[in-house]
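Have a look at entry-v1.txt below; it lists compact mmCIF, C-alpha atoms (C1' of nucleotides).
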```txt
# COMPACT_ATOMS: atom_id res chain seq x y z
CA MET A 1 4.52 12.35 -51.19
CA ARG A 2 3.59 15.85 -50.14
CA THR A 3 0.89 16.69 -47.68
CA SER A 4 0.29 20.22 -48.92
CA ASP A 5 -0.89 21.45 -52.27
CA ALA A 6 2.57 22.64 -53.18
CA LEU A 7 2.13 22.29 -56.91
CA GLY A 8 -1.16 24.13 -57.04
CA THR A 9 0.24 26.97 -55.00
CA ALA A 10 3.32 27.20 -57.15
CA LEU A 11 1.26 27.40 -60.32
CA ASP A 12 -0.70 30.22 -58.83
CA ARG A 13 2.37 32.12 -57.79
CA ALA A 14 3.95 31.72 -61.20
CA GLY A 15 0.90 33.28 -62.78
CA TYR A 16 -0.57 30.17 -64.35
CA ALA A 17 -4.25 29.47 -64.10
CA VAL A 18 -5.07 26.89 -61.50
CA THR A 19 -7.53 24.82 -63.46
CA ALA A 20 -9.26 21.59 -62.60
CA PRO A 21 -7.16 19.47 -64.99
CA ARG A 22 -3.89 20.91 -63.71
CA ARG A 23 -5.04 20.35 -60.19
CA ALA A 24 -5.94 16.79 -61.04
CA VAL A 25 -2.51 16.13 -62.50
CA ALA A 26 -0.87 17.81 -59.53
CA ASP A 27 -2.83 15.50 -57.24
CA LEU A 28 -1.74 12.45 -59.15
CA VAL A 29 1.84 13.59 -58.92
CA GLU A 30 1.68 14.32 -55.24
CA GLN A 31 0.14 10.97 -54.50
CA ARG A 32 3.03 9.16 -56.08
CA ASP A 33 5.57 7.75 -53.79
CA GLY A 34 8.42 7.10 -56.15
CA HIS A 35 9.18 8.05 -59.69
CA PHE A 36 6.61 7.93 -62.45
CA THR A 37 6.43 8.33 -66.17
CA ALA A 38 4.12 10.65 -68.03
CA LEU A 39 2.24 7.63 -69.26
CA ASP A 40 1.79 6.38 -65.72
CA LEU A 41 -0.15 9.53 -65.00
CA VAL A 42 -2.13 9.30 -68.20
CA THR A 43 -3.09 5.75 -67.35
CA GLU A 44 -3.94 6.59 -63.79
CA ALA A 45 -6.02 9.58 -64.89
CA ARG A 46 -7.93 7.37 -67.26
CA ARG A 47 -8.38 4.67 -64.65
CA ARG A 48 -9.91 7.20 -62.28
CA ARG A 49 -11.98 8.67 -65.06
CA LEU A 50 -10.72 12.15 -64.38
CA GLY A 51 -11.45 13.20 -67.93
CA VAL A 52 -7.96 14.56 -68.33
CA GLY A 53 -6.45 14.03 -71.75
CA ARG A 54 -3.02 12.78 -72.69
CA ALA A 55 -1.88 16.12 -73.99
CA THR A 56 -2.96 17.87 -70.84
CA VAL A 57 -0.97 15.53 -68.68
CA PHE A 58 2.12 16.10 -70.78
CA ARG A 59 1.61 19.83 -70.76
CA ALA A 60 1.09 19.91 -67.02
CA ILE A 61 4.24 17.92 -66.36
CA GLU A 62 6.18 20.20 -68.64
CA LEU A 63 4.90 23.13 -66.63
CA PHE A 64 5.84 21.53 -63.35
CA GLU A 65 9.26 20.78 -64.68
CA GLU A 66 9.66 24.36 -65.81
CA LEU A 67 8.79 25.50 -62.32
CA GLY A 68 11.31 23.08 -60.86
CA LEU A 69 8.69 21.11 -59.00
CA VAL A 70 9.38 17.85 -60.69
CA GLU A 71 12.54 16.71 -62.33
CA ARG A 72 13.20 14.34 -65.13
CA LEU A 73 15.31 11.31 -64.44
CA ASP A 74 16.83 9.05 -67.00
CA LEU A 75 16.61 5.59 -65.60
CA PRO A 76 19.36 3.12 -66.45
CA THR A 77 16.94 1.57 -68.92
CA GLY A 78 16.72 4.82 -70.83
CA GLU A 79 13.17 5.42 -69.67
CA HIS A 80 12.18 8.94 -68.80
CA ALA A 81 10.72 9.19 -65.35
CA TYR A 82 9.90 12.10 -63.07
CA VAL A 83 10.19 12.74 -59.37
CA VAL A 84 8.74 15.47 -57.23
CA CYS A 85 11.41 17.67 -55.73
CA GLU A 86 12.41 20.99 -54.33
CA PRO A 87 13.17 23.74 -56.83
CA VAL A 88 16.84 24.05 -55.95
CA HIS A 89 19.86 22.37 -57.40
CA HIS A 90 20.34 18.86 -56.11
CA HIS A 91 20.41 15.25 -57.19
CA HIS A 92 18.61 12.05 -56.39
CA VAL A 93 19.31 8.56 -55.20
CA VAL A 94 16.64 6.36 -56.68
CA CYS A 95 15.68 2.98 -55.32
CA GLN A 96 16.04 0.37 -57.99
CA ARG A 97 13.42 -1.77 -56.39
CA CYS A 98 10.56 0.54 -55.46
CA GLY A 99 11.40 3.78 -57.23
CA ARG A 100 11.34 5.93 -54.15
CA ASP A 101 14.01 8.56 -53.99
CA ALA A 102 15.93 10.84 -51.66
CA GLU A 103 17.48 14.17 -52.47
CA ILE A 104 21.17 14.89 -52.18
CA GLU A 105 22.21 18.42 -51.59
CA ASP A 106 25.93 18.32 -51.81
CA CYS A 107 27.25 16.35 -54.70
CA GLY A 108 30.79 17.61 -54.32
CA ILE A 109 30.81 18.86 -57.87
CA ASP A 110 33.10 21.79 -57.29
CA ALA A 111 36.10 19.67 -56.45
CA LEU A 112 35.35 17.29 -59.27
CA ALA A 113 34.84 20.10 -61.76
CA ALA A 114 38.12 21.68 -60.79
CA SER A 115 39.99 18.46 -61.25
CA ILE A 116 38.35 17.83 -64.60
CA GLU A 117 39.08 21.31 -65.80
CA SER A 118 42.74 20.97 -65.04
CA ASN A 119 42.96 17.45 -66.49
CA THR A 120 40.98 17.85 -69.66
CA GLY A 121 40.93 21.55 -70.40
CA TYR A 122 37.15 21.48 -70.58
CA LEU A 123 35.22 24.22 -68.86
CA VAL A 124 32.52 22.46 -66.88
CA GLY A 125 29.01 23.87 -66.90
CA LEU A 126 25.93 21.76 -66.30
CA HIS A 127 26.12 18.44 -64.64
CA ARG A 128 23.72 15.69 -63.94
CA ILE A 129 24.28 13.02 -61.37
CA GLU A 130 21.96 10.11 -60.88
CA LEU A 131 22.46 7.41 -58.31
CA PHE A 132 20.62 4.15 -58.08
CA GLY A 133 20.54 1.74 -55.22
CA LEU A 134 18.23 0.45 -52.53
CA CYS A 135 16.22 2.48 -50.08
CA PRO A 136 16.18 1.63 -46.38
CA ALA A 137 12.74 0.03 -46.63
CA CYS A 138 13.73 -2.29 -49.46
CA LEU A 139 17.00 -3.03 -47.78
CA SER A 140 15.45 -4.22 -44.56
CA GLN A 141 12.59 -5.97 -46.25
CA GLY A 142 14.70 -7.69 -48.83
CA GLY A 143 17.21 -9.05 -46.38
CA ALA A 144 20.95 -8.85 -46.45
CA SER A 145 21.27 -10.93 -49.57
CA ARG A 146 19.76 -8.24 -51.73
CA ARG A 147 22.34 -5.94 -53.11
CA PRO A 148 22.03 -3.42 -55.87
CA THR A 149 24.13 -3.87 -58.97
CA SER A 150 27.68 -3.66 -57.79
CA ARG A 151 29.31 -0.32 -57.54
CA SER A 152 32.49 -0.05 -59.48
CA SER A 153 35.12 1.64 -57.46
CA ASP A 154 36.73 4.54 -59.22
CA MET B 1 38.07 9.04 -83.39
CA ARG B 2 39.97 5.80 -83.30
CA THR B 3 42.73 4.86 -85.64
CA SER B 4 42.34 1.12 -85.23
CA ASP B 5 39.44 -1.11 -86.00
CA ALA B 6 38.64 -1.53 -82.34
CA LEU B 7 34.98 -2.23 -82.83
CA GLY B 8 35.48 -4.86 -85.48
CA THR B 9 38.04 -6.64 -83.38
CA ALA B 10 35.84 -6.56 -80.34
CA LEU B 11 32.93 -8.07 -82.23
CA ASP B 12 35.13 -10.87 -83.36
CA ARG B 13 36.43 -11.55 -79.89
CA ALA B 14 32.95 -11.58 -78.46
CA GLY B 15 31.92 -14.22 -80.95
CA TYR B 16 29.74 -12.12 -83.19
CA ALA B 17 30.04 -12.39 -86.94
CA VAL B 18 32.01 -9.56 -88.43
CA THR B 19 29.76 -8.76 -91.32
CA ALA B 20 29.94 -6.00 -93.87
CA PRO B 21 26.99 -4.06 -92.45
CA ARG B 22 28.39 -4.20 -88.92
CA ARG B 23 31.73 -3.13 -90.20
CA ALA B 24 30.09 -0.26 -92.03
CA VAL B 25 28.32 0.92 -88.91
CA ALA B 26 31.53 0.52 -86.90
CA ASP B 27 33.29 2.72 -89.43
CA LEU B 28 30.65 5.38 -89.19
CA VAL B 29 30.94 5.33 -85.43
CA GLU B 30 34.70 5.50 -85.43
CA GLN B 31 34.70 8.39 -87.84
CA ARG B 32 32.56 10.45 -85.54
CA ASP B 33 34.26 13.07 -83.51
CA GLY B 34 31.65 13.85 -80.93
CA HIS B 35 28.43 12.26 -79.88
CA PHE B 36 25.88 10.99 -82.33
CA THR B 37 22.38 9.62 -82.32
CA ALA B 38 21.26 6.40 -83.91
CA LEU B 39 19.43 8.42 -86.52
CA ASP B 40 22.60 10.34 -87.35
CA LEU B 41 24.16 7.07 -88.38
CA VAL B 42 21.12 5.97 -90.30
CA THR B 43 21.14 9.24 -92.20
CA GLU B 44 24.85 9.10 -92.83
CA ALA B 45 24.63 5.50 -94.01
CA ARG B 46 21.92 6.47 -96.42
CA ARG B 47 23.82 9.50 -97.63
CA ARG B 48 26.81 7.33 -98.44
CA ARG B 49 24.59 4.72 -99.98
CA LEU B 50 26.04 1.98 -97.86
CA GLY B 51 22.92 -0.08 -98.22
CA VAL B 52 22.62 -0.51 -94.49
CA GLY B 53 19.09 -0.43 -93.16
CA ARG B 54 17.69 1.40 -90.19
CA ALA B 55 17.15 -1.74 -88.18
CA THR B 56 20.69 -2.88 -88.77
CA VAL B 57 22.10 0.37 -87.49
CA PHE B 58 20.02 0.13 -84.35
CA ARG B 59 20.98 -3.49 -83.85
CA ALA B 60 24.65 -2.75 -84.36
CA ILE B 61 24.62 0.09 -81.86
CA GLU B 62 22.86 -2.09 -79.38
CA LEU B 63 25.59 -4.64 -79.83
CA PHE B 64 28.35 -2.12 -79.40
CA GLU B 65 26.70 -0.83 -76.29
CA GLU B 66 26.43 -4.33 -74.92
CA LEU B 67 30.14 -4.78 -75.48
CA GLY B 68 30.84 -1.48 -73.76
CA LEU B 69 32.32 0.11 -76.84
CA VAL B 70 29.86 2.92 -77.02
CA GLU B 71 27.85 4.42 -74.25
CA ARG B 72 24.51 6.09 -74.21
CA LEU B 73 24.34 9.64 -72.99
CA ASP B 74 21.23 11.50 -72.08
CA LEU B 75 21.73 15.02 -73.23
CA PRO B 76 20.15 17.81 -71.21
CA THR B 77 17.48 18.00 -73.89
CA GLY B 78 16.46 14.42 -73.21
CA GLU B 79 17.91 13.24 -76.51
CA HIS B 80 19.69 9.92 -76.57
CA ALA B 81 23.18 10.16 -77.98
CA TYR B 82 26.10 7.81 -78.03
CA VAL B 83 29.84 8.22 -77.66
CA VAL B 84 32.67 5.83 -78.35
CA CYS B 85 34.52 4.85 -75.23
CA GLU B 86 36.65 2.38 -73.40
CA PRO B 87 34.86 -0.57 -71.85
CA VAL B 88 35.69 0.37 -68.30
CA HIS B 89 33.76 2.39 -65.80
CA HIS B 90 34.11 6.11 -66.35
CA HIS B 91 32.16 9.21 -67.22
CA HIS B 92 32.16 11.91 -69.84
CA VAL B 93 32.39 15.64 -70.13
CA VAL B 94 30.52 16.59 -73.25
CA CYS B 95 31.03 19.82 -75.12
CA GLN B 96 27.76 21.67 -75.39
CA ARG B 97 28.87 23.36 -78.55
CA CYS B 98 30.49 20.68 -80.69
CA GLY B 99 29.56 17.44 -78.98
CA ARG B 100 33.11 16.22 -78.53
CA ASP B 101 33.80 14.52 -75.26
CA ALA B 102 36.55 13.53 -72.87
CA GLU B 103 36.54 10.64 -70.47
CA ILE B 104 36.86 11.04 -66.74
CA GLU B 105 38.29 8.20 -64.78
CA ASP B 106 37.92 9.24 -61.23
CA CYS B 107 34.57 10.70 -60.41
CA GLY B 108 35.10 10.55 -56.66
CA ILE B 109 32.03 8.45 -56.21
CA ASP B 110 33.25 6.49 -53.25
CA ALA B 111 33.37 9.45 -50.93
CA LEU B 112 30.06 10.72 -52.20
CA ALA B 113 28.44 7.30 -51.90
CA ALA B 114 29.65 6.92 -48.35
CA SER B 115 28.24 10.28 -47.37
CA ILE B 116 24.94 9.54 -49.04
CA GLU B 117 24.68 6.16 -47.41
CA SER B 118 25.13 7.63 -43.97
CA ASN B 119 22.81 10.56 -44.64
CA THR B 120 19.94 8.82 -46.34
CA GLY B 121 20.20 5.18 -45.43
CA TYR B 122 20.20 4.23 -49.09
CA LEU B 123 22.67 1.67 -50.29
CA VAL B 124 24.24 3.13 -53.40
CA GLY B 125 24.75 0.92 -56.43
CA LEU B 126 24.90 2.24 -59.96
CA HIS B 127 25.60 5.83 -60.66
CA ARG B 128 25.64 7.94 -63.73
CA ILE B 129 27.41 11.24 -63.99
CA GLU B 130 27.20 13.44 -67.01
CA LEU B 131 28.97 16.75 -67.31
CA PHE B 132 28.42 19.35 -69.96
CA GLY B 133 30.60 22.30 -70.76
CA LEU B 134 32.95 23.57 -73.42
CA CYS B 135 35.94 21.77 -74.87
CA PRO B 136 39.29 23.51 -75.22
CA ALA B 137 38.79 24.03 -78.95
CA CYS B 138 35.43 25.70 -78.57
CA LEU B 139 36.72 27.71 -75.65
CA SER B 140 39.59 29.22 -77.57
CA GLN B 141 37.65 29.61 -80.75
CA GLY B 142 34.61 31.11 -79.13
CA GLY B 143 36.51 33.67 -77.15
CA ALA B 144 36.31 34.49 -73.51
CA SER B 145 32.74 35.71 -73.70
CA ARG B 146 31.41 32.23 -74.37
CA ARG B 147 30.56 30.41 -71.23
CA PRO B 148 28.56 27.30 -70.72
CA THR B 149 25.37 27.47 -68.75
CA SER B 150 26.34 28.53 -65.29
CA ARG B 151 27.34 25.92 -62.85
CA SER B 152 25.39 26.00 -59.68
CA SER B 153 27.61 25.69 -56.73
CA ASP B 154 26.59 22.97 -54.37
C1' DG C 1 23.68 -26.97 -94.13
C1' DT C 2 22.53 -24.80 -90.14
C1' DT C 3 22.62 -20.65 -87.70
C1' DT C 4 23.09 -15.66 -87.94
C1' DT C 5 22.31 -11.58 -89.81
C1' DT C 6 20.06 -8.41 -92.96
C1' DG C 7 16.68 -5.27 -95.20
C1' DC C 8 12.32 -3.97 -95.68
C1' DA C 9 8.02 -2.66 -94.08
C1' DA C 10 4.95 -2.45 -90.66
C1' DA C 11 4.16 -1.93 -85.90
C1' DC C 12 4.87 0.49 -81.73
C1' DC C 13 5.46 3.70 -78.20
C1' DA C 14 6.12 8.11 -76.21
C1' DT C 15 5.46 12.74 -77.11
C1' DT C 16 3.88 16.92 -79.69
C1' DT C 17 0.85 19.76 -82.29
C1' DG C 18 -3.37 21.92 -84.68
C1' DC C 19 -7.50 23.39 -83.73
C1' DA C 20 -12.21 24.29 -82.30
C1' DG C 21 -14.70 24.51 -78.06
C1' DG C 22 -14.79 25.76 -73.17
C1' DG C 23 -13.28 27.79 -68.89
C1' DT C 24 -10.83 31.47 -66.41
C1' DC C 25 -9.97 36.05 -64.85
C1' DG D 1 -14.90 39.54 -73.54
C1' DA D 2 -10.05 38.48 -74.33
C1' DC D 3 -7.07 35.16 -73.52
C1' DC D 4 -5.56 30.95 -71.71
C1' DC D 5 -6.42 26.11 -71.32
C1' DT D 6 -8.41 21.70 -72.73
C1' DG D 7 -9.58 17.51 -75.28
C1' DC D 8 -9.45 15.17 -79.24
C1' DA D 9 -7.37 13.32 -83.04
C1' DA D 10 -3.81 13.35 -86.11
C1' DA D 11 1.04 13.94 -86.84
C1' DT D 12 5.63 13.01 -85.45
C1' DG D 13 9.97 10.98 -84.29
C1' DG D 14 12.51 7.49 -82.50
C1' DT D 15 12.92 2.60 -81.91
C1' DT D 16 11.51 -2.31 -82.34
C1' DT D 17 9.78 -6.41 -84.56
C1' DG D 18 8.22 -10.08 -88.03
C1' DC D 19 9.74 -12.30 -91.73
C1' DA D 20 11.69 -14.09 -95.93
C1' DA D 21 16.06 -13.68 -98.39
C1' DA D 22 21.07 -13.61 -98.01
C1' DA D 23 25.38 -14.23 -95.85
C1' DA D 24 28.45 -16.34 -92.44
C1' DC D 25 30.66 -20.18 -90.32
```
Written as structure tokens, how would this file's structure read?
Amino acid sequence: MRTSDALGTALDRAGYAVTAPRRAVADLVEQRDGHFTALDLVTEARRRRLGVGRATVFRAIELFEELGLVERLDLPTGEHAYVVCEPVHHHHVVCQRCGRDAEIEDCGIDALAASIESNTGYLVGLHRIELFGLCPACLSQGGASRRPTSRSSD
Amino acid sequence: MRTSDALGTALDRAGYAVTAPRRAVADLVEQRDGHFTALDLVTEARRRRLGVGRATVFRAIELFEELGLVERLDLPTGEHAYVVCEPVHHHHVVCQRCGRDAEIEDCGIDALAASIESNTGYLVGLHRIELFGLCPACLSQGGASRRPTSRSSD
DNA sequence: GTTTTTGCAAACCATTTGCAGGGTC
DNA sequence: GACCCTGCAAATGGTTTGCAAAAAC
């Protein structure tokens, strides 16, 4: 969760109107600790009686995504979730228990891409890496017996 | 595309009835060259008048996925597609032009996981890596000017 | 003959869009 | 005041489910 109004500021800088509904959605997003779905925000907005409609929430998220302020994750279940993040290339480790996440800057893609290109003949462009596991908090709280789904060694 | 009836055999071995509709869906899947969506199969089944219903196609794919014979991809667009693959841990490079794919055995996750674990404190479990680019065929056919979306270096 | 599986239709869920009204710059 | 943004409701697209009939073992 951010302390500053990063999303509002970014909207402004990108030339988008900083309206009350967008601000409201930005607040909801910034108050989230882990990942969230669009519907989570819609529900939360309704619960708080913010008077922000479904469509507006979806449009605001789309805008934030466009600006690189949130990123879409595809959870192992196939669900689409979002996380707040910095607008630079990176990846996330997502806690399977609480949904919190950490950013990873160096995913070592260059070496991997090179090896793939020479092995398969494919030219590698985009990549997406998503890691799931347990965050430090859940690890210590859950005790040593709790392990994420086993990592296959490859 | 497979030459053998790998999916049918696998169903049998896993104790599922090898029925005509499942066989039909398996055929459709095996005849695919690149990735496909569930709806692609539904459409194709209808076009060929196989008499296989929507629900059956979805249920068959679900089954194949459970058996590790096909895998769900999340395309950059957010679309859910499937590819045929071996039931062992691996990843895919998907051609952004034609949808064909190649499997990658060694994604170098162990080194990455270790570095993440020491940097973030997260215990890494599952991971998902998806790469997009151009396959050799599209590369040569498209000429040197065609490049996939630029790869950010990280 | 009992258990699965199927097809159909309806239900569902997330997401998008059309549009008239309202707010912003 | 022109244009962008919003809410609503309806449309959409993908996926799932209930159920009675049909097929498999």
Exercise for review: Find the residues in chain D near chain A: any atom within 9 Å counts, using all atoms listed in the file. Write them as a VMD selection string.
Suggested key: chain D and resid 4 to 8
Exercise for review: In Å, rounded to a single decimal, give me how far atom CA of A:Leu134 is from atom CA of A:Gln96.
Suggested key: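 Computing it gives 5.9 Å between the two atoms.
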**Study point:** Pick from C:DT15, C:DT24, C:DG1, C:DA10 nearest to D:DT16, counting only C-alpha atoms (C1' of nucleotides)
**Key:**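 Among the listed residues, C:DA10 lies closest to D:DT16.
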Mind running chain C against chain A at 12 Å and telling me each contacting residue's nearest atom pair with the distance in Å (one decimal), counting only C-alpha atoms (C1' of nucleotides), chain and number ascending, as CSV?
```
residue,atom,partner,partner_atom,distance
C:DC13,C1',A:Leu39,CA,10.3
C:DA14,C1',A:Leu39,CA,8.0
C:DT15,C1',A:Phe58,CA,7.9
C:DT16,C1',A:Ala55,CA,8.1
C:DT17,C1',A:Ala55,CA,9.5
C:DG23,C1',A:Thr19,CA,8.4
C:DT24,C1',A:Ala17,CA,7.3
C:DC25,C1',A:Ala17,CA,8.8
```
**Study point:** Residue with smallest distance to chain B - pool A:Asp106, A:Glu66, A:Glu117, A:Asp27, counting all atoms listed in the file
**Key:**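 Among the listed residues, the smallest separation from chain B belongs to A:Asp106.
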As AutoDock Vina command-line options: centre and edge lengths in Å, one decimal, of the axis-aligned box holding stretch 117-127 of chain B with 8 Å per side:
```
--center_x 22.8 --center_y 5.7 --center_z -52.3 --size_x 21.7 --size_y 25.6 --size_z 32.7
```
**Study point:** Between atom CA of A:Ala113 and atom CA of B:Val70, distance in Å (one decimal)
**Key:**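 Interatomic distance here is 23.5 Å.
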Exercise for review: Go ahead and compute the interatomic distance for atom CA of A:Leu7 and atom CA of A:Phe64, in Å to one decimal.
Suggested key: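 The value is 7.5 Å.
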Exercise for review: Give the residues of chain B that lie within 10 Å of chain A; count all atoms listed in the file, and format the answer as a ChimeraX atom specification.
Suggested key: /B:72-76,78,80,88-90,93-96,101-113,115-117,119-139,147-154
Exercise for review: Just the residues within 12 Å of D:DA20, please, counting all atoms listed in the file, with nothing from its chain fewer than 4 positions along; format it as a ChimeraX atom specification.
Suggested key: /C:6-8
Practice item. Please provide as a ChimeraX atom specification all residues within 9 Å of B:Leu28, with the sequence filter that same-chain residues fewer than 3 positions apart are discarded (counting only C-alpha atoms (C1' of nucleotides)). Key: /B:23-25,31-32,41,44-45
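A distance cut-off of 10 Å around (-11.9, 21.7, -83.1), counting all atoms listed in the file, selects these protein and nucleic acid residues: DG18, DC19, DA20 and DG21 of chain C; DG7, DC8 and DA9 of chain D.
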Identify the residues within 8 Å of coordinate (20.4, -13.6, -97.1) (same frame as the file), considering all atoms listed in the file, and give the answer as a short mmCIF file (atom, residue, chain, number, x, y, z; two decimals) with C-alpha atoms (C1' of nucleotides), in the coordinates of the input.
```
data_model
loop_
_atom_site.label_atom_id
_atom_site.label_comp_id
_atom_site.auth_asym_id
_atom_site.auth_seq_id
_atom_site.Cartn_x
_atom_site.Cartn_y
_atom_site.Cartn_z
"C1'" DT C 5 22.31 -11.58 -89.81
"C1'" DT C 6 20.06 -8.41 -92.96
"C1'" DA D 21 16.06 -13.68 -98.39
"C1'" DA D 22 21.07 -13.61 -98.01
"C1'" DA D 23 25.38 -14.23 -95.85
#
```
Please rebuild stretch 26-42 of chain A with N, CA and C atoms and return the result as an mmCIF file, in the frame of the given file.
```
data_model
loop_
_atom_site.group_PDB
_atom_site.id
_atom_site.type_symbol
_atom_site.label_atom_id
_atom_site.label_comp_id
_atom_site.auth_asym_id
_atom_site.auth_seq_id
_atom_site.Cartn_x
_atom_site.Cartn_y
_atom_site.Cartn_z
ATOM 1 N N ALA A 26 -1.680 17.523 -60.705
ATOM 2 C CA ALA A 26 -0.870 17.810 -59.530
ATOM 3 C C ALA A 26 -1.164 16.801 -58.424
ATOM 4 N N ASP A 27 -2.450 16.476 -58.264
ATOM 5 C CA ASP A 27 -2.830 15.500 -57.240
ATOM 6 C C ASP A 27 -2.202 14.154 -57.537
ATOM 7 N N LEU A 28 -2.311 13.740 -58.781
ATOM 8 C CA LEU A 28 -1.740 12.450 -59.150
ATOM 9 C C LEU A 28 -0.254 12.422 -58.833
ATOM 10 N N VAL A 29 0.410 13.514 -59.163
ATOM 11 C CA VAL A 29 1.840 13.590 -58.920
ATOM 12 C C VAL A 29 2.146 13.520 -57.430
ATOM 13 N N GLU A 30 1.394 14.270 -56.667
ATOM 14 C CA GLU A 30 1.680 14.320 -55.240
ATOM 15 C C GLU A 30 1.359 13.024 -54.524
ATOM 16 N N GLN A 31 0.485 12.242 -55.136
ATOM 17 C CA GLN A 31 0.140 10.970 -54.500
ATOM 18 C C GLN A 31 1.138 9.869 -54.829
ATOM 19 N N ARG A 32 2.020 10.161 -55.722
ATOM 20 C CA ARG A 32 3.030 9.160 -56.080
ATOM 21 C C ARG A 32 4.074 9.074 -54.998
ATOM 22 N N ASP A 33 4.568 7.898 -54.822
ATOM 23 C CA ASP A 33 5.570 7.750 -53.790
ATOM 24 C C ASP A 33 6.972 7.725 -54.394
ATOM 25 N N GLY A 34 7.101 7.150 -55.533
ATOM 26 C CA GLY A 34 8.420 7.100 -56.150
ATOM 27 C C GLY A 34 8.396 7.830 -57.477
ATOM 28 N N HIS A 35 9.193 7.375 -58.405
ATOM 29 C CA HIS A 35 9.180 8.050 -59.690
ATOM 30 C C HIS A 35 8.040 7.542 -60.552
ATOM 31 N N PHE A 36 7.723 8.276 -61.591
ATOM 32 C CA PHE A 36 6.610 7.930 -62.450
ATOM 33 C C PHE A 36 6.900 8.450 -63.835
ATOM 34 N N THR A 37 6.294 7.840 -64.808
ATOM 35 C CA THR A 37 6.430 8.330 -66.170
ATOM 36 C C THR A 37 5.186 9.125 -66.518
ATOM 37 N N ALA A 38 5.277 9.882 -67.592
ATOM 38 C CA ALA A 38 4.120 10.650 -68.030
ATOM 39 C C ALA A 38 2.964 9.697 -68.317
ATOM 40 N N LEU A 39 3.283 8.592 -68.934
ATOM 41 C CA LEU A 39 2.240 7.630 -69.260
ATOM 42 C C LEU A 39 1.597 7.020 -68.027
ATOM 43 N N ASP A 40 2.369 6.879 -66.965
ATOM 44 C CA ASP A 40 1.790 6.380 -65.720
ATOM 45 C C ASP A 40 0.644 7.286 -65.313
ATOM 46 N N LEU A 41 0.887 8.582 -65.409
ATOM 47 C CA LEU A 41 -0.150 9.530 -65.000
ATOM 48 C C LEU A 41 -1.337 9.488 -65.951
ATOM 49 N N VAL A 42 -1.051 9.368 -67.223
ATOM 50 C CA VAL A 42 -2.130 9.300 -68.200
ATOM 51 C C VAL A 42 -3.015 8.099 -67.894
#
```
